[in-house]
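Engineer: Next comes target.txt, compact mmCIF, C-alpha atoms:
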# COMPACT_ATOMS: atom_id res chain seq x y z
CA MET C 1 13.28 94.00 79.01
CA LYS C 2 12.96 90.31 78.11
CA LYS C 3 14.15 89.39 74.63
CA ASN C 4 11.93 86.98 72.74
CA ILE C 5 13.92 84.45 70.73
CA TYR C 6 12.37 82.72 67.71
CA LEU C 7 13.31 79.06 67.17
CA ASP C 8 10.35 77.82 65.13
CA ASN C 9 11.70 78.42 61.63
CA ALA C 10 10.32 75.17 60.22
CA ALA C 11 6.87 76.75 60.74
CA THR C 12 7.78 80.08 59.15
CA THR C 13 10.80 82.35 58.90
CA PRO C 14 11.20 86.08 59.55
CA VAL C 15 11.11 88.14 56.37
CA SER C 16 14.56 89.24 55.26
CA PRO C 17 15.00 93.03 55.48
CA SER C 18 16.05 93.19 51.82
CA VAL C 19 12.97 91.19 50.83
CA ALA C 20 10.72 93.53 52.80
CA ALA C 21 12.42 96.52 51.18
CA ARG C 22 11.89 95.10 47.69
CA ILE C 23 8.22 94.36 48.41
CA ASN C 24 7.71 97.89 49.70
CA ASP C 25 9.39 99.41 46.65
CA GLU C 26 7.37 97.27 44.27
CA MET C 27 4.09 98.13 46.00
CA LEU C 28 4.82 101.81 45.41
CA ASP C 29 6.43 101.60 41.97
CA ASP C 30 5.03 98.51 40.19
CA PHE C 31 1.34 98.61 41.10
CA GLY C 32 0.19 97.77 37.58
CA ASN C 33 -1.63 94.56 36.63
CA ALA C 34 0.97 92.26 35.09
CA SER C 35 -1.56 91.17 32.45
CA SER C 36 -2.18 94.72 31.19
CA GLN C 37 -0.63 95.81 27.90
CA HIS C 38 0.24 99.40 28.83
CA TYR C 39 3.48 100.70 30.37
CA PHE C 40 2.46 99.98 33.98
CA GLY C 41 1.43 96.44 33.12
CA ARG C 42 4.62 95.78 31.16
CA LYS C 43 6.72 97.11 34.04
CA ALA C 44 4.94 94.79 36.49
CA ARG C 45 5.29 91.86 34.09
CA ALA C 46 9.02 92.47 33.82
CA ALA C 47 9.38 92.29 37.63
CA VAL C 48 7.50 88.97 37.69
CA GLU C 49 9.61 87.47 34.93
CA VAL C 50 12.90 88.53 36.54
CA ALA C 51 11.86 86.67 39.71
CA ARG C 52 10.68 83.67 37.70
CA LYS C 53 14.07 83.39 35.99
CA ILE C 54 15.96 83.62 39.31
CA ILE C 55 13.79 80.86 40.78
CA ALA C 56 14.05 78.62 37.71
CA ASP C 57 17.84 78.93 37.64
CA SER C 58 18.06 77.97 41.33
CA ILE C 59 16.62 74.50 40.63
CA ASN C 60 17.96 74.06 37.05
CA ALA C 61 14.54 74.50 35.44
CA LYS C 62 13.22 76.57 32.55
CA ALA C 63 11.39 79.80 33.36
CA ASN C 64 8.19 78.56 31.70
CA GLU C 65 8.17 75.58 34.08
CA ILE C 66 7.60 77.81 37.13
CA VAL C 67 3.97 78.48 38.10
CA PHE C 68 3.37 80.94 40.94
CA THR C 69 0.78 79.80 43.51
CA SER C 70 -0.44 80.82 46.95
CA GLY C 71 2.07 78.48 48.61
CA GLY C 72 3.04 74.88 49.29
CA THR C 73 -0.49 73.70 50.02
CA GLU C 74 -1.89 74.91 46.72
CA SER C 75 1.12 73.60 44.83
CA ASN C 76 0.76 70.15 46.41
CA ASN C 77 -2.98 70.05 45.74
CA THR C 78 -2.50 71.19 42.15
CA ALA C 79 0.09 68.49 41.49
CA ILE C 80 -1.76 65.62 43.19
CA TYR C 81 -5.28 66.31 41.97
CA GLY C 82 -3.99 67.34 38.55
CA ILE C 83 -2.11 64.08 37.97
CA ALA C 84 -4.99 62.02 39.39
CA LYS C 85 -7.33 63.65 36.85
CA LEU C 86 -4.89 63.73 33.95
CA ARG C 87 -3.67 60.13 34.19
CA SER C 88 -6.56 58.15 35.67
CA HIS C 89 -6.92 56.31 32.36
CA LEU C 90 -3.46 54.80 32.96
CA GLY C 91 -4.16 53.63 36.50
CA LYS C 92 -5.30 54.74 39.93
CA LYS C 93 -2.34 53.83 42.10
CA ILE C 94 -0.41 56.59 43.88
CA ILE C 95 2.58 56.09 46.19
CA THR C 96 3.42 58.45 49.04
CA THR C 97 4.77 58.10 52.60
CA LYS C 98 3.30 58.05 56.10
CA VAL C 99 5.24 61.18 57.10
CA GLU C 100 4.11 63.67 54.47
CA HIS C 101 2.70 67.11 55.25
CA PRO C 102 -1.12 67.30 55.68
CA SER C 103 -1.34 69.16 52.36
CA VAL C 104 -0.26 65.89 50.74
CA LEU C 105 -1.88 63.36 53.08
CA ASN C 106 -5.34 64.95 53.09
CA PRO C 107 -5.67 65.04 49.26
CA MET C 108 -4.51 61.41 49.28
CA LYS C 109 -7.26 60.49 51.75
CA ASP C 110 -9.78 62.27 49.56
CA LEU C 111 -8.60 60.41 46.47
CA GLU C 112 -8.86 57.13 48.40
CA SER C 113 -12.54 57.90 48.95
CA GLN C 114 -12.86 58.32 45.17
CA GLY C 115 -11.49 54.85 44.47
CA TYR C 116 -7.78 55.54 44.08
CA ASN C 117 -5.30 53.04 45.53
CA ILE C 118 -2.99 55.04 47.80
CA VAL C 119 0.11 53.28 49.13
CA TYR C 120 1.76 54.84 52.19
CA LEU C 121 5.42 53.83 52.46
CA ASP C 122 6.81 53.05 55.92
CA VAL C 123 9.75 54.92 57.43
CA ASP C 124 12.43 53.71 59.84
CA GLN C 125 13.32 55.36 63.16
CA THR C 126 15.42 57.96 61.37
CA GLY C 127 12.44 58.99 59.24
CA HIS C 128 13.65 57.50 55.94
CA ILE C 129 11.83 55.27 53.48
CA SER C 130 13.04 51.95 52.11
CA LEU C 131 13.94 52.15 48.43
CA GLU C 132 13.26 48.42 48.18
CA GLN C 133 9.68 48.89 49.37
CA LEU C 134 9.22 51.68 46.83
CA LYS C 135 10.67 49.49 44.08
CA ASP C 136 8.28 46.66 44.98
CA GLU C 137 5.28 49.00 44.90
CA LEU C 138 6.10 50.58 41.52
CA THR C 139 3.65 48.56 39.45
CA ASP C 140 2.41 49.39 35.95
CA ASP C 141 -0.75 51.06 37.24
CA THR C 142 1.19 53.57 39.39
CA ILE C 143 0.60 57.08 38.03
CA LEU C 144 2.30 59.22 40.69
CA VAL C 145 4.96 59.03 43.39
CA SER C 146 4.75 61.95 45.84
CA ILE C 147 7.54 62.16 48.43
CA MET C 148 8.87 65.13 50.39
CA SER C 149 12.52 66.15 50.17
CA VAL C 150 12.98 67.04 53.85
CA ASN C 151 10.65 66.14 56.69
CA ASN C 152 9.29 69.18 58.51
CA GLU C 153 9.27 67.56 61.96
CA VAL C 154 12.55 65.61 62.18
CA GLY C 155 14.62 66.90 59.25
CA SER C 156 15.20 63.56 57.51
CA ILE C 157 16.30 64.00 53.89
CA MET C 158 14.69 61.52 51.53
CA PRO C 159 16.87 59.91 48.81
CA ILE C 160 15.33 62.08 46.09
CA GLU C 161 17.90 61.36 43.38
CA GLU C 162 17.63 57.60 43.91
CA ILE C 163 13.81 57.80 43.93
CA GLY C 164 13.90 59.78 40.69
CA LYS C 165 16.00 57.08 39.03
CA LEU C 166 13.52 54.38 40.09
CA VAL C 167 10.47 56.32 38.94
CA LYS C 168 11.99 57.50 35.66
CA ASP C 169 11.63 54.15 33.89
CA THR C 170 8.02 53.53 34.98
CA ASN C 171 4.60 54.89 34.01
CA ALA C 172 4.58 57.14 37.09
CA LEU C 173 5.50 60.79 37.45
CA PHE C 174 7.55 62.04 40.41
CA HIS C 175 6.30 64.88 42.64
CA VAL C 176 8.45 66.35 45.42
CA ASP C 177 7.17 68.51 48.27
CA ASP C 178 10.29 70.66 48.67
CA VAL C 179 8.83 73.17 51.12
CA GLN C 180 11.30 72.23 53.90
CA GLY C 181 14.16 71.49 51.54
CA PHE C 182 14.12 74.62 49.39
CA GLY C 183 16.86 76.92 50.67
CA ASN C 184 18.29 74.26 52.99
CA ILE C 185 19.54 71.60 50.57
CA ASP C 186 20.43 71.73 46.89
CA ILE C 187 17.84 70.35 44.47
CA ASP C 188 18.39 69.92 40.72
CA VAL C 189 15.11 68.92 39.10
CA GLN C 190 16.80 67.54 36.00
CA LYS C 191 19.48 65.57 37.80
CA SER C 192 16.87 64.09 40.17
CA ASN C 193 14.33 63.38 37.39
CA ILE C 194 11.65 65.41 39.17
CA ASP C 195 8.45 66.08 37.21
CA LEU C 196 6.65 68.30 39.72
CA MET C 197 7.90 70.18 42.78
CA SER C 198 6.22 72.39 45.39
CA THR C 199 7.75 75.20 47.44
CA SER C 200 6.73 78.05 49.72
CA ALA C 201 8.28 81.52 49.97
CA HIS C 202 7.79 82.05 53.69
CA LYS C 203 10.11 79.14 54.57
CA ILE C 204 13.11 80.97 53.06
CA ASN C 205 12.62 84.42 54.62
CA GLY C 206 10.17 85.48 51.93
CA PRO C 207 6.53 86.61 52.07
CA LYS C 208 3.60 84.42 53.12
CA PHE C 209 0.79 83.23 50.85
CA LEU C 210 3.16 82.67 47.93
CA GLY C 211 5.01 79.72 46.45
CA PHE C 212 5.56 78.01 43.15
CA LEU C 213 4.94 74.71 41.44
CA TYR C 214 7.64 73.43 39.13
CA GLU C 215 5.83 71.63 36.31
CA LYS C 216 8.09 69.89 33.82
CA GLU C 217 7.50 71.07 30.28
CA GLY C 218 4.98 68.90 28.44
CA ILE C 219 2.97 67.61 31.42
CA ASN C 220 0.11 70.12 31.00
CA LEU C 221 -1.69 69.72 34.31
CA PRO C 222 -5.33 70.79 34.41
CA PRO C 223 -5.66 73.94 36.57
CA LEU C 224 -6.90 73.49 40.13
CA LEU C 225 -8.76 76.82 39.93
CA LEU C 226 -10.85 78.27 37.11
CA GLY C 227 -10.74 81.91 36.09
CA GLY C 228 -8.47 84.07 33.97
CA GLU C 229 -5.49 83.07 31.87
CA GLN C 230 -2.63 84.14 34.12
CA GLU C 231 0.52 82.03 34.49
CA LEU C 232 0.23 80.75 30.91
CA LYS C 233 -3.37 79.64 31.61
CA ARG C 234 -2.20 77.38 34.45
CA ARG C 235 -3.13 79.41 37.55
CA PRO C 236 -5.81 82.14 37.38
CA GLY C 237 -5.75 85.29 39.50
CA THR C 238 -3.91 88.60 39.30
CA GLU C 239 -0.26 88.05 40.18
CA ASN C 240 0.99 89.51 43.46
CA VAL C 241 3.83 91.39 41.81
CA PRO C 242 5.47 92.85 44.95
CA ALA C 243 5.50 89.49 46.75
CA ILE C 244 6.77 87.63 43.68
CA SER C 245 9.58 90.15 43.25
CA GLY C 246 10.40 89.76 46.94
CA PHE C 247 10.40 85.98 46.51
CA GLY C 248 13.05 86.39 43.82
CA VAL C 249 15.23 88.34 46.28
CA ALA C 250 14.73 85.65 48.95
CA VAL C 251 15.79 82.91 46.52
CA LYS C 252 18.85 84.88 45.44
CA GLU C 253 19.83 85.36 49.10
CA SER C 254 19.34 81.64 49.78
CA ASN C 255 21.72 80.70 46.95
CA ILE C 256 24.58 80.24 49.40
CA ASP C 257 26.83 77.27 50.12
CA LYS C 258 24.32 74.81 51.56
CA LYS C 259 27.02 72.60 53.06
CA GLU C 260 28.43 75.53 55.03
CA GLN C 261 24.94 76.50 56.13
CA GLN C 262 24.30 72.94 57.31
CA LYS C 263 27.56 73.06 59.31
CA LYS C 264 26.26 76.19 61.04
CA TYR C 265 22.98 74.46 61.86
CA GLN C 266 24.81 71.37 63.09
CA ASN C 267 26.83 73.56 65.45
CA LEU C 268 23.59 75.06 66.79
CA GLN C 269 22.21 71.56 67.35
CA ASN C 270 25.37 70.58 69.23
CA ILE C 271 25.12 73.61 71.53
CA ILE C 272 21.72 72.37 72.71
CA ILE C 273 22.60 68.69 72.89
CA ASN C 274 25.88 69.26 74.72
CA LYS C 275 24.19 71.49 77.29
CA LEU C 276 21.47 68.89 77.96
CA LYS C 277 24.10 66.18 78.33
CA HIS C 278 26.25 68.36 80.57
CA ASP C 279 23.28 68.99 82.88
CA HIS C 280 22.28 65.30 82.89
CA VAL C 281 18.88 65.92 81.31
CA ASP C 282 17.09 62.70 80.33
CA PHE C 283 16.39 63.16 76.62
CA GLU C 284 16.80 61.59 73.18
CA VAL C 285 16.86 62.98 69.67
CA ASN C 286 13.88 61.96 67.57
CA GLY C 287 15.27 60.82 64.24
CA SER C 288 18.97 61.45 63.80
CA ILE C 289 21.53 64.25 63.82
CA SER C 290 23.91 62.38 61.52
CA GLY C 291 23.63 60.93 58.06
CA SER C 292 21.03 62.16 55.59
CA VAL C 293 19.41 64.93 57.62
CA SER C 294 18.91 68.68 57.41
CA HIS C 295 20.30 70.17 60.60
CA HIS C 296 17.92 73.14 60.61
CA VAL C 297 15.45 70.91 62.51
CA LEU C 298 16.10 69.34 65.91
CA ASN C 299 13.34 67.21 67.45
CA LEU C 300 13.87 66.31 71.11
CA TRP C 301 12.15 63.76 73.33
CA LEU C 302 12.15 65.33 76.80
CA LYS C 303 11.39 62.26 78.86
CA GLY C 304 8.58 62.72 81.35
CA ILE C 305 7.70 66.29 80.28
CA ASP C 306 4.43 66.94 78.47
CA THR C 307 4.85 68.72 75.12
CA ALA C 308 2.28 71.43 75.84
CA LEU C 309 3.80 72.09 79.27
CA ALA C 310 7.28 72.40 77.79
CA ILE C 311 6.17 74.76 75.00
CA THR C 312 4.24 76.94 77.44
CA ASN C 313 7.11 77.21 79.91
CA LEU C 314 9.59 78.03 77.16
CA ASP C 315 7.22 80.60 75.70
CA LEU C 316 6.85 82.31 79.10
CA ALA C 317 10.65 82.40 79.30
CA GLY C 318 10.81 84.08 75.87
CA PHE C 319 11.61 81.16 73.56
CA ALA C 320 9.40 80.11 70.65
CA VAL C 321 9.49 76.41 69.71
CA SER C 322 6.79 73.96 68.65
CA GLY C 323 5.54 70.44 69.14
CA GLY C 324 5.68 69.56 65.45
CA SER C 325 4.00 70.83 62.29
CA ALA C 326 2.37 74.24 62.79
CA CYS C 327 -0.38 73.07 60.43
CA THR C 328 -1.50 70.45 62.97
CA ALA C 329 -0.31 72.03 66.21
CA GLY C 330 -3.81 73.20 67.11
CA SER C 331 -5.24 69.69 66.96
CA LEU C 332 -5.47 67.10 69.70
CA HIS C 333 -3.84 64.45 67.54
CA PRO C 334 -0.23 63.49 68.28
CA SER C 335 2.45 63.74 65.62
CA HIS C 336 1.77 61.35 62.74
CA VAL C 337 5.47 61.57 61.89
CA LEU C 338 6.66 60.31 65.27
CA ALA C 339 3.86 57.72 65.23
CA ALA C 340 5.15 56.38 61.90
CA MET C 341 8.71 56.29 63.24
CA TYR C 342 8.15 54.90 66.76
CA GLY C 343 4.58 53.59 66.95
CA GLU C 344 1.39 55.21 68.15
CA SER C 345 1.90 54.13 71.78
CA SER C 346 5.36 55.71 72.12
CA PRO C 347 5.64 58.39 74.86
CA ARG C 348 7.68 60.43 72.36
CA LEU C 349 4.40 61.52 70.77
CA ARG C 350 3.40 63.39 73.94
CA GLU C 351 6.82 64.46 75.26
CA SER C 352 8.68 66.01 72.31
CA ILE C 353 9.46 69.49 71.05
CA ARG C 354 10.79 70.76 67.72
CA VAL C 355 13.50 73.43 67.58
CA SER C 356 14.31 74.87 64.15
CA PHE C 357 16.77 77.44 62.83
CA SER C 358 17.15 79.87 59.95
CA ARG C 359 20.17 81.72 58.56
CA PHE C 360 19.35 84.57 60.97
CA THR C 361 19.58 82.36 64.09
CA SER C 362 22.58 83.28 66.25
CA GLU C 363 24.80 81.16 68.49
CA ASP C 364 24.09 83.51 71.40
CA ASP C 365 20.35 82.99 71.07
CA VAL C 366 20.72 79.20 70.92
CA THR C 367 23.11 79.20 73.89
CA SER C 368 20.53 81.15 75.93
CA PHE C 369 17.83 78.74 74.85
CA ALA C 370 19.90 75.68 75.75
CA ALA C 371 20.46 76.99 79.27
CA GLU C 372 16.75 77.71 79.75
CA LEU C 373 15.75 74.32 78.31
CA ALA C 374 18.09 72.46 80.65
CA ASP C 375 16.83 74.44 83.67
CA MET C 376 13.22 73.83 82.67
CA CYS C 377 13.73 70.09 82.29
CA LYS C 378 15.34 69.80 85.72
CA ARG C 379 12.51 71.87 87.23
CA LEU C 380 9.61 69.97 85.65
CA VAL C 381 10.76 66.37 86.03
Give the structure from this file in structure tokens form.
Structural biologist:
Amino acid sequence: MKKNIYLDNAATTPVSPSVAARINDEMLDDFGNASSQHYFGRKARAAVEVARKIIADSINAKANEIVFTSGGTESNNTAIYGIAKLRSHLGKKIITTKVEHPSVLNPMKDLESQGYNIVYLDVDQTGHISLEQLKDELTDDTILVSIMSVNNEVGSIMPIEEIGKLVKDTNALFHVDDVQGFGNIDIDVQKSNIDLMSTSAHKINGPKFLGFLYEKEGINLPPLLLGGEQELKRRPGTENVPAISGFGVAVKESNIDKKEQQKKYQNLQNIIINKLKHDHVDFEVNGSISGSVSHHVLNLWLKGIDTALAITNLDLAGFAVSGGSACTAGSLHPSHVLAAMYGESSPRLRESIRVSFSRFTSEDDVTSFAAELADMCKRLV
């Protein structure tokens, strides 16, 4: 029987068995409403607060700075719209980049239509911004800088600590979309002078439809949603206690040596690259596999092979990869990330695939994939 191998972990990750076990236990044992005052409510509240403390400690934050949300999209929207509303009296300029996730770019486009001045920083061919361009754009009317930690399509790591230093002494606040970074690279919100940060549980082997927004104490964002007074009046809706508890387990499991984990991912990248080179496949890496990158993502330009054709053939052979962000994969538009890096007319936009790993990805699986990928490329060219 054919084994299906999953290599699309930048889209979502398989739930860790221990996370699934915790969620199951909590669903049976802690079914109370965490806002209720009786025993069952207090028991559920305790489970939520244990997870909140684990998560806060993992990024060097205070527990009361963690707001549970439905995921990265809600966290990004809450941060961006909240700051736009809260600080519009100080200015209407917001700085972001051309390679952000749609959950950042689409709110920015909406704010543009409302009269906000949105500046989209350029990136080079490795997917990194210029700190000089950012410095030049940080004018007195800038109220927010929103930049991702790790790009979801090519793995480039933005210079978050350096950005934080630049923003710290201005009127702007600093928001980081850490959905791809959380669990893959170390982030210290205090050291990096981060004011707001978004994450998602399902990217670190946790449950879907759950994430958190780190909101630095004292900012007091207006809530995106209106309703009850959960999450210290910052995010209404009955807390999903089992999923939150499972999220805490996922974060604890991800608190491993990130440098060692990156070495593992780099080895997996090399297995694929070396096989393609050995078989004389005509390809290039989109972005870089050295320098400031997270090696859990490998984006390959397979010259002369249509993206959809490659994905379909690999899927039929039992290998799951993607053509870029899963949030835009169903659209007819080419990758905005590769367009920003190489230009809209580059063939890379139509001939590239993204391979991505998690801590559960094995060398054997990647070796099998590399062999199939090389065979496919020789067959289709």
Engineer: Given all atoms listed in the file as the basis, pick out the residue of C:Ala340, C:Leu232, C:Leu314, C:Leu28 nearest to Asn64 in chain C.
Structural biologist: C:Leu232
Engineer: Report the distance between CA of Thr69 in chain C and CA of Gln180 in chain C in Å, rounded to one decimal place.
Structural biologist: 16.6 Å
Engineer: Measuring atom to atom with only C-alpha atoms, identify which of C:Lys165, C:Arg235, C:Lys92, C:His295 is nearest to Glu215 in chain C.
Structural biologist: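 When distances to Glu215 in chain C are compared using only C-alpha atoms, the smallest one comes from C:Arg235.
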Engineer: Kindly indicate which residue among C:Glu217, C:Glu229, C:Glu26, C:Glu344 lies nearest to Val48 in chain C, using only C-alpha atoms for the distances.
Structural biologist: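 The answer is C:Glu26, which sits nearest to Val48 in chain C.
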Engineer: Please compute the CA of Asp365 in chain C-CA of Ile273 in chain C distance, one decimal, in Å.
Structural biologist: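 Separating CA of Asp365 in chain C from CA of Ile273 in chain C is a distance of 14.6 Å.
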Engineer: Figure out the distance between CA of Phe283 in chain C and CA of Leu338 in chain C, please, to one decimal in Å.
Structural biologist: 15.2 Å
Engineer: Restricting the calculation to all atoms listed in the file, which member of C:Phe369, C:Phe319, C:Phe212, C:Tyr342 is positioned closest to Ile66 in chain C?
Structural biologist: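 Closest residue, counting all atoms listed in the file: C:Phe212.
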Engineer: Pick out the closest residue to Ser294 in chain C from this set: C:Ala10, C:Ala34, C:Ile143, C:Leu134. Count all atoms listed in the file.
Structural biologist: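 Among C:Ala10, C:Ala34, C:Ile143, C:Leu134, it is C:Ala10 that comes nearest to Ser294 in chain C.
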Engineer: Considering only C-alpha atoms, return as a PyMOL selection string whatever protein or nucleic-acid residues lie within 9 Å of Asp279 in chain C, sequence-local ones (same chain, fewer than 3 positions apart) excluded.
Structural biologist: chain C and resi 274-276+374-375+378
Engineer: Can you tell me which residues surround Glu284 in chain C at a distance of at most 8 Å, considering all atoms listed in the file, apart from same-chain residues fewer than 5 positions away, and format the answer as number ranges by chain?
Structural biologist: C: 300-303
Engineer: Pick the closest to Thr78 in chain C from C:Leu210, C:Ile272, C:Val104, C:Ile353: which is it, counting only C-alpha atoms?
Structural biologist: C:Val104
Engineer: Since the input is missing atoms for range 140-167 of chain C, could you rebuild it with N, CA and C atoms and give the result as an mmCIF file, in the coordinates of the input?
Structural biologist:
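Saved as rebuild07.cif:
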data_model
loop_
_atom_site.group_PDB
_atom_site.id
_atom_site.type_symbol
_atom_site.label_atom_id
_atom_site.label_comp_id
_atom_site.auth_asym_id
_atom_site.auth_seq_id
_atom_site.Cartn_x
_atom_site.Cartn_y
_atom_site.Cartn_z
ATOM 1 N N ASP C 140 2.753 48.705 37.192
ATOM 2 C CA ASP C 140 2.410 49.390 35.950
ATOM 3 C C ASP C 140 1.256 50.379 36.086
ATOM 4 N N ASP C 141 0.395 50.174 37.082
ATOM 5 C CA ASP C 141 -0.750 51.060 37.240
ATOM 6 C C ASP C 141 -0.461 52.260 38.157
ATOM 7 N N THR C 142 0.808 52.421 38.554
ATOM 8 C CA THR C 142 1.190 53.570 39.390
ATOM 9 C C THR C 142 1.315 54.806 38.510
ATOM 10 N N ILE C 143 0.586 55.864 38.855
ATOM 11 C CA ILE C 143 0.600 57.080 38.030
ATOM 12 C C ILE C 143 1.376 58.230 38.683
ATOM 13 N N LEU C 144 1.613 58.126 39.998
ATOM 14 C CA LEU C 144 2.300 59.220 40.690
ATOM 15 C C LEU C 144 3.034 58.699 41.926
ATOM 16 N N VAL C 145 4.233 59.222 42.134
ATOM 17 C CA VAL C 145 4.960 59.030 43.390
ATOM 18 C C VAL C 145 5.170 60.414 43.978
ATOM 19 N N SER C 146 4.655 60.642 45.190
ATOM 20 C CA SER C 146 4.750 61.950 45.840
ATOM 21 C C SER C 146 5.470 61.804 47.171
ATOM 22 N N ILE C 147 6.695 62.320 47.239
ATOM 23 C CA ILE C 147 7.540 62.160 48.430
ATOM 24 C C ILE C 147 8.260 63.475 48.727
ATOM 25 N N MET C 148 8.231 63.885 49.982
ATOM 26 C CA MET C 148 8.870 65.130 50.390
ATOM 27 C C MET C 148 10.392 65.014 50.329
ATOM 28 N N SER C 149 11.054 66.157 50.181
ATOM 29 C CA SER C 149 12.520 66.150 50.170
ATOM 30 C C SER C 149 13.079 66.113 51.586
ATOM 31 N N VAL C 150 12.532 66.951 52.462
ATOM 32 C CA VAL C 150 12.980 67.040 53.850
ATOM 33 C C VAL C 150 11.758 67.041 54.761
ATOM 34 N N ASN C 151 11.786 66.194 55.777
ATOM 35 C CA ASN C 151 10.650 66.140 56.690
ATOM 36 C C ASN C 151 10.618 67.367 57.593
ATOM 37 N N ASN C 152 9.443 67.935 57.760
ATOM 38 C CA ASN C 152 9.290 69.180 58.510
ATOM 39 C C ASN C 152 9.342 69.006 60.014
ATOM 40 N N GLU C 153 9.254 67.770 60.505
ATOM 41 C CA GLU C 153 9.270 67.560 61.960
ATOM 42 C C GLU C 153 10.604 67.028 62.479
ATOM 43 N N VAL C 154 11.277 66.194 61.703
ATOM 44 C CA VAL C 154 12.550 65.610 62.180
ATOM 45 C C VAL C 154 13.731 65.883 61.268
ATOM 46 N N GLY C 155 13.516 66.499 60.114
ATOM 47 C CA GLY C 155 14.620 66.900 59.250
ATOM 48 C C GLY C 155 15.225 65.830 58.374
ATOM 49 N N SER C 156 14.647 64.631 58.353
ATOM 50 C CA SER C 156 15.200 63.560 57.510
ATOM 51 C C SER C 156 15.136 63.955 56.037
ATOM 52 N N ILE C 157 16.235 63.721 55.324
ATOM 53 C CA ILE C 157 16.300 64.000 53.890
ATOM 54 C C ILE C 157 16.036 62.705 53.143
ATOM 55 N N MET C 158 15.007 62.701 52.316
ATOM 56 C CA MET C 158 14.690 61.520 51.530
ATOM 57 C C MET C 158 15.675 61.370 50.362
ATOM 58 N N PRO C 159 15.920 60.142 49.912
ATOM 59 C CA PRO C 159 16.870 59.910 48.810
ATOM 60 C C PRO C 159 16.247 60.290 47.462
ATOM 61 N N ILE C 160 16.080 61.583 47.238
ATOM 62 C CA ILE C 160 15.330 62.080 46.090
ATOM 63 C C ILE C 160 15.944 61.653 44.762
ATOM 64 N N GLU C 161 17.266 61.735 44.646
ATOM 65 C CA GLU C 161 17.900 61.360 43.380
ATOM 66 C C GLU C 161 17.702 59.878 43.077
ATOM 67 N N GLU C 162 17.823 59.032 44.097
ATOM 68 C CA GLU C 162 17.630 57.600 43.910
ATOM 69 C C GLU C 162 16.167 57.285 43.575
ATOM 70 N N ILE C 163 15.245 57.991 44.221
ATOM 71 C CA ILE C 163 13.810 57.800 43.930
ATOM 72 C C ILE C 163 13.536 58.189 42.484
ATOM 73 N N GLY C 164 14.097 59.325 42.063
ATOM 74 C CA GLY C 164 13.900 59.780 40.690
ATOM 75 C C GLY C 164 14.365 58.770 39.666
ATOM 76 N N LYS C 165 15.484 58.104 39.941
ATOM 77 C CA LYS C 165 16.000 57.080 39.030
ATOM 78 C C LYS C 165 15.042 55.897 38.933
ATOM 79 N N LEU C 166 14.458 55.503 40.085
ATOM 80 C CA LEU C 166 13.520 54.380 40.090
ATOM 81 C C LEU C 166 12.242 54.715 39.326
ATOM 82 N N VAL C 167 11.750 55.932 39.532
ATOM 83 C CA VAL C 167 10.470 56.320 38.940
ATOM 84 C C VAL C 167 10.607 56.597 37.443
#
